[in-house]
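Peer 1: Here's a structure for you.
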4 protein chains.
Amino acid sequence: MSYFIENSDRVHQATLEKLEQRGVTVKDIAELVMFLQKEYYPDLQLEMCAEHVEKVLSKREVQNAVLTGIELDILAENRQISAPLLNMLERDESLYGVDETIALSIINIYGSIGFTNYGYIDKVKPGILKELNKKDGPMTHTFLDDLVGAIAAAASSRIAHSIQPPSVK
Amino acid sequence: MSYFIENSDRVHQATLEKLEQRGVTVKDIAELVMFLQKEYYPDLQLEMCAEHVEKVLSKREVQNAVLTGIELDILAENRQISAPLLNMLERDESLYGVDETIALSIINIYGSIGFTNYGYIDKVKPGILKELNKKDGPMTHTFLDDLVGAIAAAASSRIAHSIQPPSVK
Amino acid sequence: MSYFIENSDRVHQATLEKLEQRGVTVKDIAELVMFLQKEYYPDLQLEMCAEHVEKVLSKREVQNAVLTGIELDILAENRQISAPLLNMLERDESLYGVDETIALSIINIYGSIGFTNYGYIDKVKPGILKELNKKDGPMTHTFLDDLVGAIAAAASSRIAHSIQPPSVK
Amino acid sequence: MSYFIENSDRVHQATLEKLEQRGVTVKDIAELVMFLQKEYYPDLQLEMCAEHVEKVLSKREVQNAVLTGIELDILAENRQISAPLLNMLERDESLYGVDETIALSIINIYGSIGFTNYGYIDKVKPGILKELNKKDGPMTHTFLDDLVGAIAAAASSRIAHSIQPPSVK
């Protein structure tokens with residue numbers, strides 16, 4: 001370790017900008033959180049979900065994961081990646097799991113209770129995840145869809161850690 | 001590390017016996033694999049799924065995870081665990097994630113592509129997972145349900161690594 | 001998920017008590033943090049390390065990991081675990097990695113930068129880790145030594161995230 | 001999942017070529033394995049270590065991790081990565097842990113017993129790891145050093161799973 005540390009505000013700002021450039025808003029991710037959590041917390045509001053998403057996005061590890069994944073998506077889109085990795089990224093190859101690996105590092109920050117939610121929305125693909133998985137457009141979202149699902153799962157874990165649900169004795 | 005190594009056949013045998021004692025057969029897990037994979041491999045047979053499950057169960061890390069998790073379930077059932085851990089295990093507490101942590105170590109052996117399948121069946125709870133999650137009986141399956149889901153997800157990854165699906169060019 | 005949530009203060013208190021009962025103080029862990037970090041932060045004080053250790057110990061996932069691991073150590077010591085798992089725990093078997101798996105879940109909360117520090121002190125075994133690894137006494141610390149190393153590594157990551165080192169521009 | 005699967009031989013071949021292009025041979029990694037394991041297995045030969053390294057490199061997940069990490073190193077070197085990620089990769093920033101995250105996915109395939117070895121050589125930096133960490137040259141090895149350490153740790157775990165050490169009863 002060289003102990004160079006990048007300016008935190010700059011990294012945070014870049015993360016939010018990159019997500020927006022790739023068509024993902026905090027509200028999109030908050031809607032995934034609502035999808036995952038509304039059955040457990042009947043009073044949950046979209047605004048509260050958005051606050052939890054923003055807190056997740058303020059963590060440096062999350063920012064690093066998002067910036068790295070989106071960069072790889074863009075580089076694949078621009079065909080600046082060499083073969084055979086390019087081919088795997090362009091086509092979201094079945095045995096390529098580095099996207100899930102990086103996504104998991106986001107979930108881990110809020111503990112292992114988030115794995116289930118991540119796997120579930122990655123399979124069901126509600127809301128923005130459906131958009132990101134359309135393979136017919138010019139964009140590559142091999143990493144972004146997993147990152148977005150992981151941020152939503154992490155925000156759900158954050159809610160579980162912060163709210164006492166109605167049934168708690 | 002002390003470099004004592006337990007007899008491998010003994011560990012393998014104990015794993016299969018413990019699963020059976022707790023009401024889980026290889027066929028039960030193979031059915032979860034079918035549930036997860038049949039849409040991708042139309043020709044997939046239950047027997048083939050069972051073979052992959054058996055291969056997963058022959059891995060020492062999987063055996064260690066299964067033996068440890070089932071032991072904790074039984075000890076909780078017999079109330080040989082001290083509070084407050086006992087309470088968390090008996091009631092599968094919402095913030096307790098050691099069961100998911102141990103389950104994940106099973107999936108990791110076959111790479112990160114298994115996370116999605118694990119999360120999905122943990123949420124949908126088909127077949128044996130529904131049985132294990134009935135909270136009305138005298139048994140505690142806080143660890144076992146996650147272990148079984150993870151073995152099924154790992155076997156699904158193993159299939160993906162070993163079969164070329166019809167659409168592969 | 002059943003949405004039963006155990007009282008947080010109770011879990012926190014139990015964690016500190018169990019560690020103390022097993023011979024590990026916050027100061028012991030703080031000394032491991034000093035060992036890991038003093039070369040990077042010349043002004044680091046033991047008291048500051050202890051504060052970071054306490055913050056790590058206030059996280060629910062860390063508490064769950066510590067309570068589960070110590071419980072397994074005690075149950076092995078009292079021979080309340082069935083064979084062959086008992087044998088593996090008593091002798092810290094070479095292929096048994098559930099202790100490392102659970103320890104890793106502690107490190108993950110502060111991101112992947114802690115892996116290196118965990119591996120390093122687990123090998124070098126300074127301070128309290130040396131004590132815990134003496135295999136000649138009546139106690140079993142198969143889990144505890146990994147938990148303590150992981151808490152020290154997590155506290156080191158927490159310092160890296162909170163302090164700007166002298167060389168930062 | 002789209003069930004496109006890239007040709008396995010092609011991915012394997014590309015992995016070996018990229019490592020060689022970046023100055024890392026199988027023998028370099030085998031020497032790290034010797035460094036880690038010789039005290040436990042007095043009869044261990046470099047050739048045997050090389051065989052285990054080759055087996056690790058034949059796993060698709062390992063190949064994916066290596067190809068992705070080296071690609072990011074090269075793209076950073078060529079300044080084809082956007083800021084602020086470029087800055088973090090060029091300078092191996094202290095809070096950037098995606099390199100460790102990807103490295104860990106290599107170790108996980110052989111179970112959690114490899115974490116310690118990974119952390120240890122990442123800190124001590126013997127052999128090729130010292131070369132890769134010289135920050136004075138024109139090359140960026142932010143990912144490669146972690147990948148190489150992880151392959152050596154994974155090969156060490158593979159040895160532990162395959163050889164019965166002399167002290168085993």
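Convention: chains lettered A, B, ... in structure tokens order; per-chain residue numbering from 1; ligands numbered from 1 as shown.
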I want to know what sits within 8 Å of A:Leu46, based on only C-alpha atoms, with residues of the same chain fewer than 5 positions away left out; could you give that as a PyMOL selection string?
Peer 2: chain A and resi 27+30-31+34
Peer 1: Residues near stretch 5-14 of chain A, anyone? I mean within 12 Å using only C-alpha atoms, not counting same-chain ones fewer than 2 positions away, as an mmCIF file with N, CA, C and O atoms, in the first residue's frame.
Peer 2:
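Just written: result29.cif:
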```cif
data_model
loop_
_atom_site.group_PDB
_atom_site.id
_atom_site.type_symbol
_atom_site.label_atom_id
_atom_site.label_comp_id
_atom_site.auth_asym_id
_atom_site.auth_seq_id
_atom_site.Cartn_x
_atom_site.Cartn_y
_atom_site.Cartn_z
ATOM 1 N N MET A 1 0.840 -1.202 0.000
ATOM 2 C CA MET A 1 0.000 0.000 0.000
ATOM 3 C C MET A 1 0.875 1.252 0.000
ATOM 4 O O MET A 1 1.837 1.352 0.744
ATOM 5 N N SER A 2 0.503 2.179 -0.878
ATOM 6 C CA SER A 2 1.314 3.372 -1.039
ATOM 7 C C SER A 2 0.761 4.538 -0.234
ATOM 8 O O SER A 2 1.376 5.577 -0.122
ATOM 9 N N TYR A 3 -0.429 4.341 0.324
ATOM 10 C CA TYR A 3 -1.086 5.399 1.069
ATOM 11 C C TYR A 3 -1.285 6.689 0.319
ATOM 12 O O TYR A 3 -1.178 7.781 0.849
ATOM 13 N N LEU A 16 -21.972 9.084 -8.799
ATOM 14 C CA LEU A 16 -23.344 9.506 -9.103
ATOM 15 C C LEU A 16 -23.477 9.917 -10.571
ATOM 16 O O LEU A 16 -24.462 9.597 -11.243
ATOM 17 N N GLU A 17 -22.463 10.601 -11.086
ATOM 18 C CA GLU A 17 -22.498 11.048 -12.485
ATOM 19 C C GLU A 17 -22.475 9.867 -13.454
ATOM 20 O O GLU A 17 -23.218 9.834 -14.430
ATOM 21 N N LYS A 18 -21.601 8.904 -13.174
ATOM 22 C CA LYS A 18 -21.492 7.729 -14.066
ATOM 23 C C LYS A 18 -22.816 6.961 -14.098
ATOM 24 O O LYS A 18 -23.273 6.531 -15.158
ATOM 25 N N LEU A 19 -23.425 6.771 -12.920
ATOM 26 C CA LEU A 19 -24.703 6.060 -12.880
ATOM 27 C C LEU A 19 -25.732 6.785 -13.742
ATOM 28 O O LEU A 19 -26.454 6.171 -14.526
ATOM 29 N N GLU A 20 -25.786 8.103 -13.595
ATOM 30 C CA GLU A 20 -26.759 8.898 -14.347
ATOM 31 C C GLU A 20 -26.491 8.813 -15.853
ATOM 32 O O GLU A 20 -27.418 8.626 -16.649
ATOM 33 N N GLN A 21 -25.201 8.931 -16.215
ATOM 34 C CA GLN A 21 -24.831 8.817 -17.634
ATOM 35 C C GLN A 21 -25.262 7.482 -18.232
ATOM 36 O O GLN A 21 -25.558 7.388 -19.419
ATOM 37 N N GLU A 54 -28.855 6.298 -1.071
ATOM 38 C CA GLU A 54 -27.813 7.340 -1.048
ATOM 39 C C GLU A 54 -26.728 7.038 -0.015
ATOM 40 O O GLU A 54 -25.549 7.295 -0.255
ATOM 41 N N LYS A 55 -27.135 6.493 1.112
ATOM 42 C CA LYS A 55 -26.152 6.132 2.143
ATOM 43 C C LYS A 55 -25.229 5.020 1.618
ATOM 44 O O LYS A 55 -24.018 5.053 1.833
ATOM 45 N N VAL A 56 -25.820 4.043 0.929
ATOM 46 C CA VAL A 56 -25.006 2.965 0.356
ATOM 47 C C VAL A 56 -24.006 3.551 -0.651
ATOM 48 O O VAL A 56 -22.818 3.203 -0.651
ATOM 49 N N LEU A 57 -24.486 4.492 -1.455
ATOM 50 C CA LEU A 57 -23.628 5.092 -2.490
ATOM 51 C C LEU A 57 -22.566 6.026 -1.909
ATOM 52 O O LEU A 57 -21.682 6.485 -2.641
ATOM 53 N N SER A 58 -22.642 6.320 -0.620
ATOM 54 C CA SER A 58 -21.627 7.185 -0.017
ATOM 55 C C SER A 58 -20.436 6.384 0.513
ATOM 56 O O SER A 58 -19.467 6.948 1.006
ATOM 57 N N LYS A 59 -20.507 5.052 0.419
ATOM 58 C CA LYS A 59 -19.411 4.196 0.897
ATOM 59 C C LYS A 59 -18.347 4.063 -0.186
ATOM 60 O O LYS A 59 -18.668 3.748 -1.339
ATOM 61 N N ARG A 60 -17.117 4.223 0.178
ATOM 62 C CA ARG A 60 -16.031 4.178 -0.796
ATOM 63 C C ARG A 60 -15.941 2.846 -1.541
ATOM 64 O O ARG A 60 -15.710 2.807 -2.750
ATOM 65 N N GLU A 61 -16.125 1.719 -0.859
ATOM 66 C CA GLU A 61 -16.027 0.419 -1.537
ATOM 67 C C GLU A 61 -17.103 0.294 -2.611
ATOM 68 O O GLU A 61 -16.883 -0.316 -3.650
ATOM 69 N N VAL A 62 -18.289 0.829 -2.309
ATOM 70 C CA VAL A 62 -19.376 0.785 -3.282
ATOM 71 C C VAL A 62 -19.011 1.640 -4.493
ATOM 72 O O VAL A 62 -19.190 1.233 -5.648
ATOM 73 N N GLN A 63 -18.474 2.819 -4.221
ATOM 74 C CA GLN A 63 -18.063 3.719 -5.305
ATOM 75 C C GLN A 63 -16.994 3.056 -6.178
ATOM 76 O O GLN A 63 -17.058 3.106 -7.407
ATOM 77 N N ASN A 64 -16.016 2.445 -5.545
ATOM 78 C CA ASN A 64 -14.953 1.761 -6.308
ATOM 79 C C ASN A 64 -15.532 0.660 -7.195
ATOM 80 O O ASN A 64 -15.132 0.516 -8.356
ATOM 81 N N ALA A 65 -16.456 -0.103 -6.649
ATOM 82 C CA ALA A 65 -17.068 -1.185 -7.415
ATOM 83 C C ALA A 65 -17.860 -0.628 -8.601
ATOM 84 O O ALA A 65 -17.745 -1.124 -9.730
ATOM 85 N N VAL A 66 -18.641 0.403 -8.355
ATOM 86 C CA VAL A 66 -19.468 1.000 -9.418
ATOM 87 C C VAL A 66 -18.580 1.594 -10.514
ATOM 88 O O VAL A 66 -18.797 1.348 -11.713
ATOM 89 N N LEU A 67 -17.573 2.365 -10.115
ATOM 90 C CA LEU A 67 -16.702 3.006 -11.116
ATOM 91 C C LEU A 67 -15.965 1.965 -11.956
ATOM 92 O O LEU A 67 -15.815 2.125 -13.174
ATOM 93 N N THR A 68 -15.522 0.893 -11.333
ATOM 94 C CA THR A 68 -14.781 -0.146 -12.065
ATOM 95 C C THR A 68 -15.695 -0.897 -13.023
ATOM 96 O O THR A 68 -15.343 -1.134 -14.182
ATOM 97 N N ILE A 70 -18.704 0.033 -14.336
ATOM 98 C CA ILE A 70 -19.198 0.870 -15.442
ATOM 99 C C ILE A 70 -18.071 1.125 -16.449
ATOM 100 O O ILE A 70 -18.289 1.107 -17.665
ATOM 101 N N GLU A 71 -16.853 1.324 -15.948
ATOM 102 C CA GLU A 71 -15.724 1.546 -16.859
ATOM 103 C C GLU A 71 -15.551 0.347 -17.796
ATOM 104 O O GLU A 71 -15.343 0.519 -19.003
ATOM 105 N N ALA C 160 -7.893 3.086 8.189
ATOM 106 C CA ALA C 160 -7.524 3.541 6.835
ATOM 107 C C ALA C 160 -8.633 4.397 6.227
ATOM 108 O O ALA C 160 -8.365 5.365 5.515
ATOM 109 N N HIS C 161 -9.879 4.046 6.527
ATOM 110 C CA HIS C 161 -10.996 4.810 5.968
ATOM 111 C C HIS C 161 -11.224 6.132 6.709
ATOM 112 O O HIS C 161 -11.874 7.022 6.192
ATOM 113 N N SER C 162 -10.690 6.249 7.927
ATOM 114 C CA SER C 162 -11.027 7.435 8.721
ATOM 115 C C SER C 162 -9.877 8.428 8.887
ATOM 116 O O SER C 162 -10.106 9.616 9.092
ATOM 117 N N ILE C 163 -8.667 7.946 8.826
ATOM 118 C CA ILE C 163 -7.522 8.856 8.998
ATOM 119 C C ILE C 163 -6.880 9.133 7.652
ATOM 120 O O ILE C 163 -6.732 8.233 6.836
ATOM 121 N N GLN C 164 -6.474 10.364 7.454
ATOM 122 C CA GLN C 164 -5.672 10.690 6.287
ATOM 123 C C GLN C 164 -4.210 10.582 6.730
ATOM 124 O O GLN C 164 -3.765 11.335 7.592
ATOM 125 N N PRO C 165 -3.448 9.656 6.155
ATOM 126 C CA PRO C 165 -2.053 9.511 6.579
ATOM 127 C C PRO C 165 -1.224 10.735 6.170
ATOM 128 O O PRO C 165 -1.613 11.467 5.263
ATOM 129 N N PRO C 166 -0.077 10.940 6.813
ATOM 130 C CA PRO C 166 0.762 12.121 6.598
ATOM 131 C C PRO C 166 1.128 12.342 5.127
ATOM 132 O O PRO C 166 1.238 13.466 4.680
ATOM 133 N N SER C 167 1.266 11.218 4.393
ATOM 134 C CA SER C 167 1.766 11.331 3.024
ATOM 135 C C SER C 167 0.682 11.704 2.016
ATOM 136 O O SER C 167 0.958 11.904 0.845
ATOM 137 N N VAL C 168 -0.559 11.803 2.482
ATOM 138 C CA VAL C 168 -1.636 12.108 1.537
ATOM 139 C C VAL C 168 -1.522 13.544 1.037
ATOM 140 O O VAL C 168 -1.334 14.462 1.821
ATOM 141 N N LYS C 169 -1.640 13.666 -0.274
ATOM 142 C CA LYS C 169 -1.579 15.025 -0.847
ATOM 143 C C LYS C 169 -2.997 15.532 -1.082
ATOM 144 O O LYS C 169 -3.780 14.845 -1.709
ATOM 145 N N SER D 82 -11.036 6.426 -17.388
ATOM 146 C CA SER D 82 -11.387 7.805 -17.041
ATOM 147 C C SER D 82 -11.079 8.104 -15.568
ATOM 148 O O SER D 82 -11.007 7.203 -14.734
ATOM 149 N N ALA D 83 -10.899 9.363 -15.263
ATOM 150 C CA ALA D 83 -10.682 9.808 -13.876
ATOM 151 C C ALA D 83 -12.012 9.747 -13.130
ATOM 152 O O ALA D 83 -13.064 9.873 -13.752
ATOM 153 N N PRO D 84 -11.993 9.557 -11.800
ATOM 154 C CA PRO D 84 -10.838 9.396 -10.922
ATOM 155 C C PRO D 84 -10.356 7.948 -10.813
ATOM 156 O O PRO D 84 -9.384 7.700 -10.120
ATOM 157 N N LEU D 85 -11.010 7.006 -11.508
ATOM 158 C CA LEU D 85 -10.585 5.611 -11.400
ATOM 159 C C LEU D 85 -9.142 5.443 -11.889
ATOM 160 O O LEU D 85 -8.353 4.702 -11.282
ATOM 161 N N LEU D 86 -8.799 6.167 -12.968
ATOM 162 C CA LEU D 86 -7.440 6.069 -13.511
ATOM 163 C C LEU D 86 -6.394 6.347 -12.435
ATOM 164 O O LEU D 86 -5.430 5.602 -12.254
ATOM 165 N N ASN D 87 -6.619 7.447 -11.725
ATOM 166 C CA ASN D 87 -5.703 7.866 -10.669
ATOM 167 C C ASN D 87 -5.560 6.781 -9.593
ATOM 168 O O ASN D 87 -4.463 6.486 -9.123
ATOM 169 N N MET D 88 -6.684 6.171 -9.246
ATOM 170 C CA MET D 88 -6.659 5.130 -8.210
ATOM 171 C C MET D 88 -5.888 3.899 -8.684
ATOM 172 O O MET D 88 -5.108 3.324 -7.942
ATOM 173 N N LEU D 89 -6.095 3.522 -9.952
ATOM 174 C CA LEU D 89 -5.404 2.340 -10.474
ATOM 175 C C LEU D 89 -3.916 2.614 -10.668
ATOM 176 O O LEU D 89 -3.075 1.781 -10.340
ATOM 177 N N GLU D 90 -3.588 3.780 -11.208
ATOM 178 C CA GLU D 90 -2.182 4.112 -11.457
ATOM 179 C C GLU D 90 -1.370 4.121 -10.163
ATOM 180 O O GLU D 90 -0.209 3.762 -10.146
ATOM 181 N N ARG D 91 -2.015 4.553 -9.080
ATOM 182 C CA ARG D 91 -1.271 4.718 -7.843
ATOM 183 C C ARG D 91 -1.596 3.655 -6.796
ATOM 184 O O ARG D 91 -1.163 3.765 -5.655
ATOM 185 N N ASP D 92 -2.360 2.615 -7.206
ATOM 186 C CA ASP D 92 -2.726 1.542 -6.275
ATOM 187 C C ASP D 92 -3.248 2.145 -4.964
ATOM 188 O O ASP D 92 -2.746 1.852 -3.879
ATOM 189 N N GLU D 93 -4.279 2.951 -5.118
ATOM 190 C CA GLU D 93 -4.819 3.738 -3.998
ATOM 191 C C GLU D 93 -5.164 2.866 -2.788
ATOM 192 O O GLU D 93 -5.650 1.744 -2.941
ATOM 193 N N SER D 94 -4.931 3.406 -1.619
ATOM 194 C CA SER D 94 -5.068 2.629 -0.382
ATOM 195 C C SER D 94 -6.480 2.112 -0.119
ATOM 196 O O SER D 94 -6.645 1.071 0.500
ATOM 197 N N LEU D 95 -7.490 2.834 -0.522
ATOM 198 C CA LEU D 95 -8.859 2.408 -0.233
ATOM 199 C C LEU D 95 -9.490 1.638 -1.393
ATOM 200 O O LEU D 95 -10.652 1.246 -1.326
ATOM 201 N N TYR D 96 -8.731 1.422 -2.477
ATOM 202 C CA TYR D 96 -9.245 0.673 -3.626
ATOM 203 C C TYR D 96 -9.041 -0.821 -3.382
ATOM 204 O O TYR D 96 -7.895 -1.277 -3.254
#
```
Peer 1: Between atom CA of C:Ala76 and atom CA of C:Leu144, what is the distance, to one decimal in Å?
Peer 2: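 Value for the atom CA of C:Ala76-atom CA of C:Leu144 distance: 12.3 Å.
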Peer 1: Measuring between only C-alpha atoms, which one of B:Val53, B:Leu32, B:Val98, B:Ala153 shows the shortest distance to chain C?
Peer 2: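 The answer is B:Val98, which sits nearest to chain C.
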Peer 1: Need the shell around C:Gln45: protein/DNA/RNA residues with any atom at most 12 Å away, counting only C-alpha atoms. Skip same-chain ones fewer than 4 positions apart. Format as a PyMOL selection string?
Peer 2: chain C and resi 27+30-31+33-35+37-38+41+49-52+159
Peer 1: Work out how far apart atom CA of D:Asn108 and atom CA of B:Leu104 are and give it in Å to one decimal.
Peer 2: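 Interatomic distance here is 10.0 Å.
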Peer 1: Name the residues in contact with A:Val148 at a cut-off of 9 Å, using only C-alpha atoms, excluding same-chain residues fewer than 2 positions from it; report them as a PyMOL selection string.
Peer 2: chain A and resi 24+29+32+66+103+128-129+143-146+150-153
Peer 1: What does the file look like for those residues with C-alpha atoms, as a PDB file, in the first residue's frame?
Peer 2:
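So the final result, stored in selection-v4.pdb, reads:
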```pdb
ATOM      1  CA  VAL A  24     -29.691   4.805 -13.648  1.00  0.00           C
ATOM      2  CA  ILE A  29     -32.715   1.849  -7.371  1.00  0.00           C
ATOM      3  CA  LEU A  32     -36.063  -1.930  -6.483  1.00  0.00           C
ATOM      4  CA  VAL A  66     -19.468   1.000  -9.418  1.00  0.00           C
ATOM      5  CA  ALA A 103     -21.440  -6.928  -6.946  1.00  0.00           C
ATOM      6  CA  ILE A 128     -34.686  -0.754 -14.184  1.00  0.00           C
ATOM      7  CA  LEU A 129     -33.067  -4.227 -14.169  1.00  0.00           C
ATOM      8  CA  PHE A 143     -21.581  -5.095 -14.894  1.00  0.00           C
ATOM      9  CA  LEU A 144     -24.165  -2.366 -14.353  1.00  0.00           C
ATOM     10  CA  ASP A 145     -27.179  -4.639 -13.875  1.00  0.00           C
ATOM     11  CA  ASP A 146     -25.379  -6.618 -11.168  1.00  0.00           C
ATOM     12  CA  ALA A 150     -26.409  -5.247  -5.351  1.00  0.00           C
ATOM     13  CA  ILE A 151     -26.939  -1.614  -4.321  1.00  0.00           C
ATOM     14  CA  ALA A 152     -30.671  -2.315  -3.933  1.00  0.00           C
ATOM     15  CA  ALA A 153     -29.949  -5.454  -1.880  1.00  0.00           C
TER      16      ALA A 153
END
```
Peer 1: List every residue of chain D that DSSP, applied to the backbone of this structure, assigns to alpha helix (DSSP H), and report them as JSON, numbers by chain.
Peer 2: {"D": [8, 9, 10, 11, 12, 13, 14, 15, 16, 17, 18, 19, 20, 21, 26, 27, 28, 29, 30, 31, 32, 33, 34, 35, 36, 37, 46, 47, 48, 49, 50, 51, 52, 53, 54, 55, 56, 57, 60, 61, 62, 63, 64, 65, 66, 67, 68, 69, 70, 71, 72, 73, 74, 75, 76, 77, 85, 86, 87, 88, 89, 90, 98, 99, 100, 101, 102, 103, 104, 105, 106, 107, 108, 115, 116, 117, 118, 119, 120, 121, 122, 123, 124, 127, 128, 129, 130, 131, 132, 144, 145, 146, 147, 148, 149, 150, 151, 152, 153, 154, 155, 156, 157, 158, 159, 160, 161, 162]}
Peer 1: Go through chain B residue by residue and, counting only C-alpha atoms, keep those with an atom at most 8 Å from chain A; for each kept residue give the shortest atom pair and its distance in Å to one decimal, ordered by chain and increasing number, as CSV.
Peer 2:
```
residue,atom,partner,partner_atom,distance
B:Ser94,CA,A:Ala160,CA,7.7
B:Leu95,CA,A:Ile113,CA,6.8
B:Tyr96,CA,A:Ile113,CA,7.3
B:Gly97,CA,A:Ile113,CA,5.1
B:Val98,CA,A:Ser112,CA,7.3
B:Glu100,CA,A:Ser112,CA,5.8
B:Thr101,CA,A:Ser112,CA,5.8
B:Gly111,CA,A:Gly97,CA,6.9
B:Ser112,CA,A:Gly97,CA,5.2
B:Ile113,CA,A:Gly97,CA,5.2
B:Phe115,CA,A:Gly119,CA,6.0
B:Thr116,CA,A:Gly119,CA,3.8
B:Asn117,CA,A:Gly119,CA,6.3
B:Tyr118,CA,A:Gly119,CA,6.5
B:Gly119,CA,A:Thr116,CA,3.8
B:Tyr120,CA,A:Tyr120,CA,4.3
B:Ile121,CA,A:Tyr120,CA,7.8
B:Asp122,CA,A:Thr116,CA,6.2
B:Lys123,CA,A:Thr116,CA,6.5
B:Ala160,CA,A:Leu95,CA,7.3
B:His161,CA,A:Leu95,CA,7.0
```
